[in-house]
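Colleague: Got final_35.tsv for you, TSV, C-alpha atoms:
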```tsv
chain	number	residue	atom	x	y	z
N	1	MET	CA	-18.62	-37.14	13.97
N	2	ARG	CA	-21.11	-35.78	16.46
N	3	PRO	CA	-23.38	-33.16	14.85
N	4	THR	CA	-23.10	-29.64	16.22
N	5	ARG	CA	-26.03	-27.42	17.02
N	6	ALA	CA	-25.37	-25.43	13.83
N	7	MET	CA	-25.28	-28.61	11.69
N	8	ALA	CA	-28.47	-29.94	13.22
N	9	ASN	CA	-30.41	-26.68	12.98
N	10	PRO	CA	-30.34	-24.82	9.64
N	11	ILE	CA	-32.39	-22.00	11.21
N	12	PHE	CA	-29.54	-21.40	13.68
N	13	VAL	CA	-27.08	-21.18	10.78
N	14	SER	CA	-29.34	-18.76	8.93
N	15	THR	CA	-29.76	-16.56	12.02
N	16	GLN	CA	-26.01	-16.46	12.61
N	17	GLU	CA	-25.42	-15.52	8.96
N	18	GLN	CA	-28.02	-12.75	9.18
N	19	LYS	CA	-26.42	-11.34	12.31
N	20	LEU	CA	-23.01	-11.42	10.65
N	21	GLN	CA	-24.37	-9.69	7.55
N	22	ALA	CA	-26.06	-6.97	9.63
N	23	THR	CA	-22.93	-6.43	11.72
N	24	THR	CA	-20.75	-6.36	8.60
N	25	LEU	CA	-23.04	-3.75	7.02
N	26	LEU	CA	-22.88	-1.55	10.14
N	27	MET	CA	-19.10	-1.89	10.21
N	28	ALA	CA	-18.83	-1.01	6.50
N	29	ILE	CA	-20.95	2.11	6.95
N	30	GLY	CA	-19.09	3.06	10.13
N	31	VAL	CA	-15.61	2.77	8.65
N	32	GLY	CA	-16.72	4.81	5.65
N	33	VAL	CA	-18.01	7.63	7.85
N	34	ALA	CA	-14.92	7.51	10.07
N	35	VAL	CA	-12.22	7.32	7.41
N	36	ALA	CA	-13.72	10.24	5.46
N	37	ASN	CA	-12.28	12.61	8.07
N	38	ILE	CA	-8.79	12.05	6.72
N	39	TYR	CA	-9.76	13.06	3.18
N	40	TYR	CA	-12.27	15.89	3.52
N	41	CYS	CA	-9.47	18.43	3.26
N	42	GLN	CA	-8.09	17.31	-0.12
N	43	PRO	CA	-10.59	18.99	-2.51
N	44	LEU	CA	-10.79	22.02	-0.19
N	45	LEU	CA	-7.11	22.97	-0.12
N	46	GLY	CA	-7.59	25.77	-2.64
N	47	ILE	CA	-10.53	27.24	-0.68
N	48	MET	CA	-8.56	26.96	2.56
N	49	ALA	CA	-5.63	28.82	0.97
N	50	GLN	CA	-7.89	31.71	-0.06
N	51	ASP	CA	-9.72	31.89	3.27
N	52	LEU	CA	-6.58	31.76	5.43
N	53	HIS	CA	-4.45	33.89	3.06
N	54	VAL	CA	-1.67	31.34	2.53
N	55	SER	CA	-0.24	29.72	-0.59
N	56	GLU	CA	-1.48	26.45	-2.11
N	57	ARG	CA	1.88	24.94	-1.23
N	58	HIS	CA	1.25	25.69	2.45
N	59	THR	CA	-2.23	24.16	2.50
N	60	GLY	CA	-0.83	21.05	0.80
N	61	TRP	CA	0.76	20.31	4.17
N	62	ILE	CA	-2.70	19.99	5.77
N	63	ALA	CA	-3.20	16.68	3.94
N	64	THR	CA	0.29	15.53	4.89
N	65	LEU	CA	-0.12	16.37	8.59
N	66	THR	CA	-3.49	14.63	8.73
N	67	GLN	CA	-1.89	11.44	7.40
N	68	VAL	CA	1.11	11.78	9.74
N	69	GLY	CA	-1.35	12.01	12.62
N	70	THR	CA	-3.12	8.89	11.39
N	71	ALA	CA	0.15	6.97	11.20
N	72	ILE	CA	1.01	7.92	14.79
N	73	GLY	CA	-2.52	7.04	15.90
N	74	MET	CA	-2.08	3.62	14.31
N	75	LEU	CA	1.02	3.01	16.38
N	76	LEU	CA	-0.45	4.26	19.65
N	77	PHE	CA	-4.08	3.07	19.53
N	78	VAL	CA	-4.61	0.20	17.07
N	79	PRO	CA	-2.56	-2.38	19.05
N	80	LEU	CA	-5.00	-1.86	21.93
N	81	GLY	CA	-7.52	-3.88	19.93
N	82	ASP	CA	-5.66	-7.04	20.99
N	83	ILE	CA	-5.92	-6.32	24.74
N	84	ALA	CA	-8.97	-4.03	25.19
N	85	GLU	CA	-12.68	-4.60	24.74
N	86	ARG	CA	-13.06	-3.57	21.09
N	87	ARG	CA	-16.52	-2.02	21.16
N	88	LYS	CA	-15.74	0.33	24.06
N	89	LEU	CA	-12.42	1.35	22.53
N	90	THR	CA	-14.08	2.11	19.19
N	91	VAL	CA	-16.83	4.23	20.79
N	92	ARG	CA	-14.28	6.31	22.70
N	93	MET	CA	-12.29	6.98	19.54
N	94	CYS	CA	-15.47	8.13	17.76
N	95	VAL	CA	-16.05	10.73	20.49
N	96	PHE	CA	-12.41	11.91	20.22
N	97	VAL	CA	-12.74	12.35	16.44
N	98	ALA	CA	-16.00	14.30	16.86
N	99	PHE	CA	-14.19	16.74	19.17
N	100	ALA	CA	-11.21	17.04	16.79
N	101	ALA	CA	-13.51	17.71	13.82
N	102	LEU	CA	-15.26	20.47	15.77
N	103	LEU	CA	-11.90	22.10	16.59
N	104	THR	CA	-10.89	21.88	12.92
N	105	ALA	CA	-14.10	23.61	11.85
N	106	LEU	CA	-13.44	26.44	14.31
N	107	ALA	CA	-9.70	26.91	13.54
N	108	PRO	CA	-9.03	30.68	13.19
N	109	SER	CA	-5.55	30.43	11.62
N	110	PHE	CA	-3.43	28.18	9.41
N	111	SER	CA	-1.18	27.08	12.29
N	112	LEU	CA	-4.15	25.99	14.42
N	113	LEU	CA	-5.77	24.33	11.41
N	114	ALA	CA	-2.56	22.33	10.96
N	115	LEU	CA	-2.57	21.29	14.64
N	116	PHE	CA	-6.24	20.31	14.67
N	117	SER	CA	-5.88	18.44	11.36
N	118	PHE	CA	-3.08	16.43	12.95
N	119	LEU	CA	-5.39	15.61	15.91
N	120	LEU	CA	-8.18	14.65	13.50
N	121	GLY	CA	-5.82	12.24	11.78
N	122	LEU	CA	-4.56	10.94	15.14
N	123	GLY	CA	-8.05	9.80	16.09
N	124	SER	CA	-9.18	8.62	12.67
N	125	VAL	CA	-7.91	5.08	13.18
N	126	ILE	CA	-11.40	3.69	13.81
N	127	PRO	CA	-11.50	1.65	10.58
N	128	HIS	CA	-8.37	-0.15	11.71
N	129	LEU	CA	-9.94	-1.09	15.00
N	130	ILE	CA	-13.00	-2.33	13.12
N	131	LEU	CA	-11.23	-4.37	10.43
N	132	PRO	CA	-9.54	-6.84	12.83
N	133	PHE	CA	-12.86	-6.97	14.70
N	134	ALA	CA	-14.62	-7.99	11.46
N	135	ALA	CA	-11.92	-10.57	10.67
N	136	HIS	CA	-12.39	-12.00	14.18
N	137	LEU	CA	-16.15	-12.39	13.67
N	138	ALA	CA	-15.87	-13.88	10.17
N	139	PRO	CA	-15.93	-17.68	9.65
N	140	GLU	CA	-12.74	-19.27	8.34
N	141	GLY	CA	-13.65	-19.74	4.66
N	142	ALA	CA	-15.26	-16.33	4.22
N	143	ARG	CA	-12.76	-14.01	5.87
N	144	GLY	CA	-11.61	-12.45	2.61
N	145	LYS	CA	-15.21	-11.75	1.60
N	146	VAL	CA	-16.15	-10.16	4.96
N	147	VAL	CA	-12.96	-8.08	5.09
N	148	ALA	CA	-13.57	-7.01	1.48
N	149	LYS	CA	-17.09	-5.79	2.32
N	150	VAL	CA	-15.81	-3.68	5.22
N	151	ILE	CA	-12.93	-2.39	3.09
N	152	SER	CA	-15.40	-1.51	0.35
N	153	GLY	CA	-17.21	0.70	2.88
N	154	MET	CA	-13.90	2.29	3.79
N	155	LEU	CA	-13.03	2.93	0.15
N	156	VAL	CA	-16.44	4.42	-0.57
N	157	GLY	CA	-15.87	6.69	2.44
N	158	ILE	CA	-12.43	7.72	1.17
N	159	LEU	CA	-13.69	8.53	-2.30
N	160	LEU	CA	-17.07	10.04	-1.44
N	161	ALA	CA	-15.36	12.19	1.21
N	162	ARG	CA	-13.84	14.17	-1.63
N	163	THR	CA	-17.15	14.36	-3.48
N	164	VAL	CA	-19.18	15.49	-0.47
N	165	ALA	CA	-16.48	17.86	0.77
N	166	GLY	CA	-16.10	19.37	-2.68
N	167	PHE	CA	-19.80	20.14	-3.05
N	168	VAL	CA	-20.32	21.25	0.56
N	169	GLY	CA	-17.19	23.40	0.47
N	170	ALA	CA	-18.20	25.11	-2.77
N	171	ALA	CA	-21.68	25.85	-1.40
N	172	PHE	CA	-21.02	26.67	2.27
N	173	GLY	CA	-17.27	27.09	2.74
N	174	TRP	CA	-14.63	24.61	3.86
N	175	ARG	CA	-15.58	24.68	7.56
N	176	ALA	CA	-19.09	23.29	7.02
N	177	ILE	CA	-17.98	19.73	6.29
N	178	PHE	CA	-16.12	19.49	9.59
N	179	PHE	CA	-19.17	20.67	11.54
N	180	ILE	CA	-21.16	17.96	9.74
N	181	SER	CA	-18.46	15.42	10.54
N	182	ALA	CA	-18.59	16.20	14.26
N	183	GLY	CA	-22.30	15.38	14.31
N	184	LEU	CA	-21.85	12.21	12.24
N	185	MET	CA	-19.13	10.92	14.54
N	186	LEU	CA	-21.27	11.40	17.64
N	187	GLY	CA	-24.09	9.52	15.91
N	188	LEU	CA	-21.67	6.76	14.98
N	189	ALA	CA	-20.49	6.47	18.59
N	190	ILE	CA	-24.10	5.89	19.69
N	191	ALA	CA	-24.77	3.35	16.92
N	192	PHE	CA	-21.63	1.35	17.71
N	193	ARG	CA	-22.40	1.36	21.44
N	194	GLU	CA	-25.91	0.05	20.89
N	195	LEU	CA	-25.49	-2.35	17.96
N	196	LEU	CA	-22.00	-3.84	17.89
N	197	PRO	CA	-21.38	-7.01	19.92
N	198	GLU	CA	-18.94	-6.96	22.77
N	199	SER	CA	-15.57	-8.40	21.83
N	200	HIS	CA	-13.24	-9.25	24.70
N	201	PRO	CA	-9.60	-10.04	23.87
N	202	SER	CA	-8.03	-13.43	24.39
N	203	VAL	CA	-4.63	-11.86	25.14
N	204	GLN	CA	-3.47	-10.33	28.41
N	205	MET	CA	-0.41	-8.13	28.05
N	206	HIS	CA	0.85	-4.82	29.36
N	207	TYR	CA	0.71	-1.95	26.87
N	208	PHE	CA	4.48	-1.54	26.46
N	209	ASP	CA	4.94	-5.30	26.10
N	210	LEU	CA	2.29	-5.11	23.40
N	211	LEU	CA	4.25	-2.45	21.54
N	212	ARG	CA	7.47	-4.45	21.87
N	213	SER	CA	5.74	-7.47	20.38
N	214	VAL	CA	4.84	-5.36	17.33
N	215	GLY	CA	8.56	-4.83	16.73
N	216	SER	CA	9.17	-8.58	17.10
N	217	MET	CA	6.55	-9.29	14.45
N	218	VAL	CA	8.25	-6.95	11.99
N	219	ARG	CA	11.67	-8.55	12.56
N	220	GLU	CA	10.51	-12.15	12.39
N	221	HIS	CA	7.94	-12.28	9.58
N	222	ARG	CA	8.96	-11.54	6.03
N	223	GLY	CA	5.41	-11.69	4.69
N	224	LEU	CA	4.31	-8.91	7.03
N	225	ARG	CA	7.23	-6.72	5.94
N	226	GLU	CA	6.38	-7.35	2.28
N	227	SER	CA	2.71	-6.47	2.70
N	228	ALA	CA	3.53	-3.36	4.74
N	229	ALA	CA	6.04	-2.12	2.17
N	230	ILE	CA	3.76	-2.71	-0.81
N	231	GLY	CA	0.80	-1.11	0.97
N	232	ALA	CA	2.91	1.96	1.79
N	233	LEU	CA	4.10	2.32	-1.81
N	234	LEU	CA	0.61	1.91	-3.27
N	235	PHE	CA	-0.84	4.48	-0.90
N	236	ALA	CA	2.04	6.89	-1.56
N	237	SER	CA	1.18	6.71	-5.25
N	238	PHE	CA	-2.51	7.19	-4.51
N	239	SER	CA	-1.93	10.20	-2.24
N	240	ALA	CA	0.44	11.92	-4.68
N	241	PHE	CA	-2.45	12.09	-7.15
N	242	TRP	CA	-5.37	13.00	-4.89
N	243	THR	CA	-3.52	15.67	-2.90
N	244	THR	CA	-2.66	17.62	-6.05
N	245	LEU	CA	-5.71	16.93	-8.24
N	246	VAL	CA	-7.59	20.05	-7.11
N	247	PHE	CA	-4.63	22.22	-8.17
N	248	PHE	CA	-4.45	20.54	-11.60
N	249	LEU	CA	-8.18	20.98	-12.20
N	250	ALA	CA	-7.98	24.70	-11.37
N	251	LYS	CA	-5.49	25.30	-14.23
N	252	PRO	CA	-5.93	25.22	-18.03
N	253	PRO	CA	-7.43	23.39	-19.83
N	254	TYR	CA	-9.97	22.66	-17.07
N	255	HIS	CA	-10.55	25.75	-14.88
N	256	TYR	CA	-12.60	23.63	-12.48
N	257	GLY	CA	-12.91	23.88	-8.72
N	258	ALA	CA	-13.71	21.73	-5.72
N	259	ARG	CA	-16.93	20.37	-7.24
N	260	MET	CA	-15.12	18.65	-10.13
N	261	ALA	CA	-12.51	17.16	-7.79
N	262	GLY	CA	-15.40	15.77	-5.78
N	263	GLY	CA	-17.08	14.50	-8.95
N	264	LEU	CA	-14.01	12.48	-9.89
N	265	GLY	CA	-14.09	11.02	-6.39
N	266	LEU	CA	-17.65	9.90	-7.09
N	267	LEU	CA	-16.50	8.24	-10.33
N	268	ALA	CA	-13.74	6.41	-8.47
N	269	ALA	CA	-16.16	5.27	-5.77
N	270	ALA	CA	-17.87	3.03	-8.30
N	271	SER	CA	-14.76	0.85	-8.24
N	272	ALA	CA	-15.65	-0.20	-4.68
N	273	ALA	CA	-18.18	-2.60	-6.23
N	274	LEU	CA	-15.17	-4.75	-7.16
N	275	ALA	CA	-14.23	-5.36	-3.53
N	276	PRO	CA	-16.30	-8.55	-3.01
N	277	ILE	CA	-14.91	-9.98	-6.27
N	278	VAL	CA	-11.35	-9.29	-5.14
N	279	GLY	CA	-12.10	-10.81	-1.73
N	280	ARG	CA	-13.41	-14.03	-3.27
N	281	MET	CA	-10.41	-14.21	-5.60
N	282	VAL	CA	-8.02	-13.91	-2.66
N	283	ASP	CA	-9.95	-16.57	-0.70
N	284	ARG	CA	-9.78	-19.00	-3.66
N	285	ARG	CA	-6.42	-18.19	-5.25
N	286	SER	CA	-3.66	-16.31	-3.44
N	287	PRO	CA	-2.86	-12.83	-2.12
N	288	LYS	CA	0.22	-12.69	-4.37
N	289	LEU	CA	-1.96	-12.71	-7.48
N	290	GLY	CA	-4.07	-9.83	-6.14
N	291	ILE	CA	-1.00	-7.83	-5.13
N	292	SER	CA	0.62	-8.32	-8.56
N	293	ILE	CA	-2.53	-7.14	-10.33
N	294	ALA	CA	-2.71	-4.15	-7.99
N	295	VAL	CA	0.80	-2.86	-8.70
N	296	ILE	CA	0.51	-3.31	-12.47
N	297	THR	CA	-2.92	-1.65	-12.63
N	298	THR	CA	-1.77	1.32	-10.55
N	299	LEU	CA	1.26	1.83	-12.79
N	300	ALA	CA	-1.01	1.63	-15.84
N	301	SER	CA	-3.18	4.40	-14.40
N	302	TYR	CA	-0.27	6.83	-14.50
N	303	ALA	CA	0.66	5.82	-18.03
N	304	VAL	CA	-2.91	6.70	-19.04
N	305	MET	CA	-2.97	9.98	-17.10
N	306	ILE	CA	0.37	11.35	-18.27
N	307	ALA	CA	-0.62	10.64	-21.88
N	308	THR	CA	-4.28	11.69	-21.80
N	309	GLY	CA	-4.83	13.49	-18.48
N	310	HIS	CA	-5.46	16.83	-20.18
N	311	TRP	CA	-8.68	15.37	-21.57
N	312	LEU	CA	-11.42	14.66	-19.06
N	313	ILE	CA	-12.16	11.16	-20.41
N	314	GLY	CA	-8.49	10.19	-20.08
N	315	LEU	CA	-8.30	11.61	-16.57
N	316	GLY	CA	-11.48	9.74	-15.59
N	317	LEU	CA	-10.12	6.43	-16.91
N	318	GLY	CA	-6.88	6.99	-15.02
N	319	VAL	CA	-8.80	7.67	-11.80
N	320	ILE	CA	-10.73	4.41	-12.15
N	321	LEU	CA	-7.57	2.38	-12.81
N	322	LEU	CA	-5.76	4.03	-9.89
N	323	ASP	CA	-8.51	3.27	-7.43
N	324	VAL	CA	-9.07	-0.29	-8.67
N	325	GLY	CA	-5.34	-0.97	-8.33
N	326	VAL	CA	-4.96	0.46	-4.82
N	327	GLN	CA	-8.17	-1.21	-3.63
N	328	THR	CA	-7.08	-4.61	-4.95
N	329	GLY	CA	-3.73	-4.31	-3.21
N	330	HIS	CA	-5.29	-3.23	0.08
N	331	ILE	CA	-7.74	-6.15	0.21
N	332	SER	CA	-5.07	-8.68	-0.79
N	333	ASN	CA	-2.55	-7.41	1.75
N	334	GLN	CA	-4.99	-7.26	4.64
N	335	THR	CA	-6.48	-10.69	3.96
N	336	ARG	CA	-2.93	-12.05	3.89
N	337	ILE	CA	-1.96	-10.64	7.28
N	338	TYR	CA	-5.29	-11.43	9.00
N	339	ASN	CA	-4.98	-15.08	7.96
N	340	THR	CA	-1.38	-15.22	9.10
N	341	PHE	CA	-1.90	-13.71	12.58
N	342	PRO	CA	-5.25	-14.94	13.96
N	343	HIS	CA	-4.41	-13.97	17.57
N	344	ALA	CA	-2.62	-10.72	16.80
N	345	ARG	CA	-4.67	-9.13	14.05
N	346	SER	CA	-4.69	-5.67	15.63
N	347	ARG	CA	-0.91	-5.66	15.98
N	348	ALA	CA	-0.39	-6.99	12.46
N	349	ASN	CA	-2.79	-4.32	11.25
N	350	THR	CA	-0.79	-1.73	13.18
N	351	VAL	CA	2.39	-2.62	11.31
N	352	TYR	CA	0.58	-2.58	7.99
N	353	MET	CA	-1.41	0.62	8.53
N	354	VAL	CA	1.40	2.64	10.12
N	355	SER	CA	3.43	1.83	7.04
N	356	TYR	CA	0.42	2.61	4.85
N	357	PHE	CA	-0.14	6.09	6.23
N	358	VAL	CA	3.55	6.92	6.42
N	359	GLY	CA	3.52	6.06	2.73
N	360	GLY	CA	0.46	8.27	2.26
N	361	ALA	CA	2.10	11.22	4.01
N	362	PHE	CA	5.27	10.74	1.94
N	363	GLY	CA	3.19	10.52	-1.24
N	364	SER	CA	1.28	13.71	-0.40
N	365	ALA	CA	4.54	15.58	0.15
N	366	LEU	CA	6.11	14.07	-2.99
N	367	GLY	CA	3.09	14.89	-5.13
N	368	ASN	CA	3.01	18.43	-3.75
N	369	ALA	CA	6.69	18.87	-4.63
N	370	GLY	CA	6.19	17.32	-8.07
N	371	TRP	CA	3.35	19.75	-8.77
N	372	HIS	CA	5.28	22.76	-7.51
N	373	PHE	CA	8.38	22.08	-9.62
N	374	PHE	CA	7.13	20.19	-12.70
N	375	GLY	CA	3.36	20.49	-12.84
N	376	TRP	CA	1.15	17.59	-13.93
N	377	ALA	CA	4.08	15.64	-15.42
N	378	GLY	CA	5.83	15.82	-12.04
N	379	VAL	CA	2.77	14.43	-10.25
N	380	CYS	CA	2.44	11.50	-12.66
N	381	ALA	CA	6.17	10.78	-12.52
N	382	ALA	CA	6.11	10.80	-8.71
N	383	GLY	CA	3.09	8.45	-8.60
N	384	ALA	CA	4.70	6.00	-11.01
N	385	VAL	CA	8.31	6.04	-9.78
N	386	VAL	CA	7.32	5.34	-6.17
N	387	LEU	CA	5.83	2.01	-7.36
N	388	LEU	CA	9.04	0.65	-8.87
N	389	PRO	CA	10.27	-0.87	-5.58
N	390	ALA	CA	6.88	-2.59	-5.27
N	391	LEU	CA	7.53	-4.41	-8.54
N	392	LEU	CA	10.81	-5.73	-7.13
N	393	ILE	CA	9.12	-6.92	-3.93
N	394	VAL	CA	6.35	-8.71	-5.86
N	395	ARG	CA	8.94	-10.43	-8.04
N	396	THR	CA	10.69	-11.94	-4.99
N	397	MET	CA	7.51	-12.69	-3.04
N	398	ARG	CA	6.95	-16.36	-2.31
N	399	GLU	CA	3.73	-18.11	-3.30
N	400	GLU	CA	2.66	-19.21	0.15
N	401	LYS	CA	-0.09	-20.87	2.05
N	402	MET	CA	-1.29	-18.82	5.00
N	403	GLU	CA	0.88	-19.97	7.88
N	404	ARG	CA	-0.70	-19.07	11.18
N	405	VAL	CA	1.41	-17.65	13.92
N	406	GLU	CA	0.37	-18.63	17.40
N	407	GLU	CA	0.13	-16.01	20.12
N	408	THR	CA	2.87	-17.64	22.16
N	409	GLU	CA	5.35	-16.85	19.40
N	410	LEU	CA	4.46	-13.18	19.57
N	411	SER	CA	4.32	-12.53	23.29
N	412	VAL	CA	7.14	-10.69	24.97
N	413	ALA	CA	8.30	-12.17	28.23
```
Would you put the structure from the file into structure tokens?
Modeller:
Amino acid sequence: MRPTRAMANPIFVSTQEQKLQATTLLMAIGVGVAVANIYYCQPLLGIMAQDLHVSERHTGWIATLTQVGTAIGMLLFVPLGDIAERRKLTVRMCVFVAFAALLTALAPSFSLLALFSFLLGLGSVIPHLILPFAAHLAPEGARGKVVAKVISGMLVGILLARTVAGFVGAAFGWRAIFFISAGLMLGLAIAFRELLPESHPSVQMHYFDLLRSVGSMVREHRGLRESAAIGALLFASFSAFWTTLVFFLAKPPYHYGARMAGGLGLLAAASAALAPIVGRMVDRRSPKLGISIAVITTLASYAVMIATGHWLIGLGLGVILLDVGVQTGHISNQTRIYNTFPHARSRANTVYMVSYFVGGAFGSALGNAGWHFFGWAGVCAAGAVVLLPALLIVRTMREEKMERVEETELSVA
């Protein structure tokens, strides 16, 4: 076999690895900053209710509408990653989110806050433009590890969003965090423009043909449907808890506010350190193992919280188990679909993430209803029951090698 330049020159290999590591780090930081916009509102719902003179049940819909917006944004914008230059697309979305965050900070009424929160969610699909980008840059045997590192940044962003928003909101009011976000997103747009490599697509399709091909993928590939369904159910369970936590902490026996909700987010963020371990396990073993562990661990979290959630140590343990479970499932599902669809990662990610955020919006609404009618027991029951279909899907899931689907199979004539 003729030696390649990389084989003949270890310095070249080292330089390429360093560039990949630097790019992966930037992507991980960027997705964390971007995804936080979806979750800033959750520990602030009580403060928003007081400031805008509406009930807690009304402000619970802010979280739901943000996630509905994200799901629609996934459908409209994420497929473009397969036909547009990825860096330029990502920069433009960062600017859109900065503008939406500014409008949210300035919202004078609940109805306008709801509208601007929807727009903020609509644009906050940047992580799901970046993740297929990272999978495209990663070498074959390390894709799970690279994806896991970027996902770990996203998960830290999700969890620290609550921590930062809780502390900032308690000190300066709920609007301050959205002003801060607008500045961060403009800075991120500049960093991405200057530091990310260009990434031109290998596919040429019209936009509506692209969307039709997404539907074909759903119909034709069972593994994609399985991953999308399990991701949706896991995130529904996750959202049922985090949307209502601030209400639970405000009641006896806790009498805590936004700061404590943020503090529990900080505790959960420590679980992101597991992401590289999960990524290596998926690379070496199989996504099915990771998905099975995820569903069982998430169910266990609710068993712990319904039994011991009125004690802070029990609630903290439940939070850690919940986040470890959802994180494990997310990494396993996304590694599975990125390996299966090497030429259509953005579209595969669209199917997965639209389902994911539809699940999140459903979970937020379900958790809100559970809290309103049955209190903490209703929240835990909602989070656990929604996972039962996931157990059935895992049981029938085939142990499979990653079969790659060529682009020609996905194109629409």
Colleague: For a cut-off of 8 Å around (2.6, -12.8, 5.4), file coordinates, pick out all residues using only C-alpha atoms and list them as a list in words.
Modeller: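 Collected hits near the coordinates: His221, Arg222, Gly223, Leu224, Arg225, Glu226, Ser227, Arg336, Ile337, Thr340, Met402 and Glu403 of chain N.
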Colleague: Output C-alpha atoms for every residue in that selection, as a PDB file, keeping the file's coordinate frame.
Modeller:
```pdb
ATOM      1  CA  HIS N 221       7.940 -12.280   9.580  1.00  0.00           C
ATOM      2  CA  ARG N 222       8.960 -11.540   6.030  1.00  0.00           C
ATOM      3  CA  GLY N 223       5.410 -11.690   4.690  1.00  0.00           C
ATOM      4  CA  LEU N 224       4.310  -8.910   7.030  1.00  0.00           C
ATOM      5  CA  ARG N 225       7.230  -6.720   5.940  1.00  0.00           C
ATOM      6  CA  GLU N 226       6.380  -7.350   2.280  1.00  0.00           C
ATOM      7  CA  SER N 227       2.710  -6.470   2.700  1.00  0.00           C
ATOM      8  CA  ARG N 336      -2.930 -12.050   3.890  1.00  0.00           C
ATOM      9  CA  ILE N 337      -1.960 -10.640   7.280  1.00  0.00           C
ATOM     10  CA  THR N 340      -1.380 -15.220   9.100  1.00  0.00           C
ATOM     11  CA  MET N 402      -1.290 -18.820   5.000  1.00  0.00           C
ATOM     12  CA  GLU N 403       0.880 -19.970   7.880  1.00  0.00           C
TER      13      GLU N 403
END
```
Colleague: Could you tell me which of N:Ala114, N:Ala365, N:Leu119, N:Ala100 comes closest to Phe179 in chain N if we count all atoms listed in the file?
Modeller: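 Among N:Ala114, N:Ala365, N:Leu119, N:Ala100, it is N:Ala100 that comes nearest to Phe179 in chain N.
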Colleague: Distance CA of Val394 in chain N-CA of Ala369 in chain N, one decimal place?
Modeller: 27.6 Å
Colleague: Which residues, written as an MDAnalysis selection string, have at least one atom at most 9 Å from range 161-167 of chain N, with all atoms listed in the file counted and residues fewer than 3 positions away on the same chain left out?
Modeller: chainID N and resid 32:33 35:44 156:158 170:172 174 176:178 257:266
Colleague: So which one's closest to Phe238 in chain N, N:Leu366, N:Phe133, N:Ile313, N:Ala138? Using all atoms listed in the file, please.
Modeller: N:Leu366
Colleague: Select from range 338-392 of chain N every residue with an atom at most 12 Å from any atom of range 50-57 of chain N, then for each give the shortest pair of atoms and their distance in Å to one decimal, using only C-alpha atoms, rows by chain and rising number, as JSON lines.
Modeller:
```
{"residue": "N:Ser364", "atom": "CA", "partner": "N:Arg57", "partner_atom": "CA", "distance": 11.3}
{"residue": "N:Ala365", "atom": "CA", "partner": "N:Arg57", "partner_atom": "CA", "distance": 9.8}
{"residue": "N:Leu366", "atom": "CA", "partner": "N:Arg57", "partner_atom": "CA", "distance": 11.8}
{"residue": "N:Gly367", "atom": "CA", "partner": "N:Arg57", "partner_atom": "CA", "distance": 10.8}
{"residue": "N:Asn368", "atom": "CA", "partner": "N:Arg57", "partner_atom": "CA", "distance": 7.1}
{"residue": "N:Ala369", "atom": "CA", "partner": "N:Arg57", "partner_atom": "CA", "distance": 8.5}
{"residue": "N:Gly370", "atom": "CA", "partner": "N:Arg57", "partner_atom": "CA", "distance": 11.1}
{"residue": "N:Trp371", "atom": "CA", "partner": "N:Arg57", "partner_atom": "CA", "distance": 9.3}
{"residue": "N:His372", "atom": "CA", "partner": "N:Arg57", "partner_atom": "CA", "distance": 7.5}
{"residue": "N:Phe373", "atom": "CA", "partner": "N:Arg57", "partner_atom": "CA", "distance": 11.0}
```
Colleague: N:Cys94, N:Ala240, N:Ile190, N:Val295: which is nearest Arg395 in chain N, counting all atoms listed in the file?
Modeller: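 Closest candidate: N:Val295.
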Colleague: Leu267 in chain N: which residues within 8 Å, counting all atoms listed in the file, same-chain residues fewer than 5 positions away excluded, as a VMD selection string?
Modeller: chain N and resid 316 319 to 320
Colleague: At a cut-off of 10 Å around the point (-18.9, -4.9, 4.4) (file coordinates), what residues fall inside when counting all atoms listed in the file? I'd like the answer as a list of chain:residue names.
Modeller: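 Here the neighbourhood of the point contains N:Leu20, N:Gln21, N:Ala22, N:Thr23, N:Thr24, N:Leu25, N:Leu26, N:Met27, N:Ala28, N:Ile29, N:Gly30, N:Val31, N:Leu131, N:Ala134, N:Lys145, N:Val146, N:Val147, N:Ala148, N:Lys149, N:Val150, N:Ile151, N:Ser152, N:Gly153, N:Met154, N:Ala275, N:Pro276.
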Colleague: To one decimal place in Å, what is the distance between CA of Leu137 in chain N and CA of Arg87 in chain N?
Modeller: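 For CA of Leu137 in chain N relative to CA of Arg87 in chain N, the distance reads 12.8 Å.
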Colleague: Closest to Gly187 in chain N among N:Ala71, N:Leu159, N:Leu289, N:Val95, using all atoms listed in the file?
Modeller: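 Selected residue with least distance to Gly187 in chain N: N:Val95.
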Colleague: Rounded to one decimal, what separation in Å do you get between CA of Thr90 in chain N and CA of Ala63 in chain N?
Modeller: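 Separation of CA of Thr90 in chain N and CA of Ala63 in chain N: 23.7 Å.
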Colleague: Considering only C-alpha atoms, return as a PyMOL selection string whatever protein or nucleic-acid residues lie within 8 Å of Thr104 in chain N, sequence-local ones (same chain, fewer than 6 positions apart) excluded.
Modeller: chain N and resi 113+116-117+120+175+178
Colleague: Which is closer to Tyr207 in chain N than all the others in N:Gly81, N:Pro253, N:Gly73, N:Gly173, using only C-alpha atoms?
Modeller: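 For Tyr207 in chain N, the nearest of the given residues is N:Gly81.
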Colleague: Of the candidates N:Pro201, N:Gly183, N:Gly69, N:Gly46, which shows the shortest atom-to-atom distance to Leu102 in chain N, using only C-alpha atoms?
Modeller: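 Using only C-alpha atoms, Leu102 in chain N sits closest to N:Gly183.
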Colleague: Find the residues around Leu312 in chain N up to 10 Å (only C-alpha atoms counted), leave out those fewer than 3 positions away in its own chain, and share them as a list in words.
Modeller: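 The residues satisfying every condition are Leu249, Pro253, Tyr254, Leu264, Met305, Thr308, Gly309, Leu315, Gly316, Leu317 and Gly318 of chain N.
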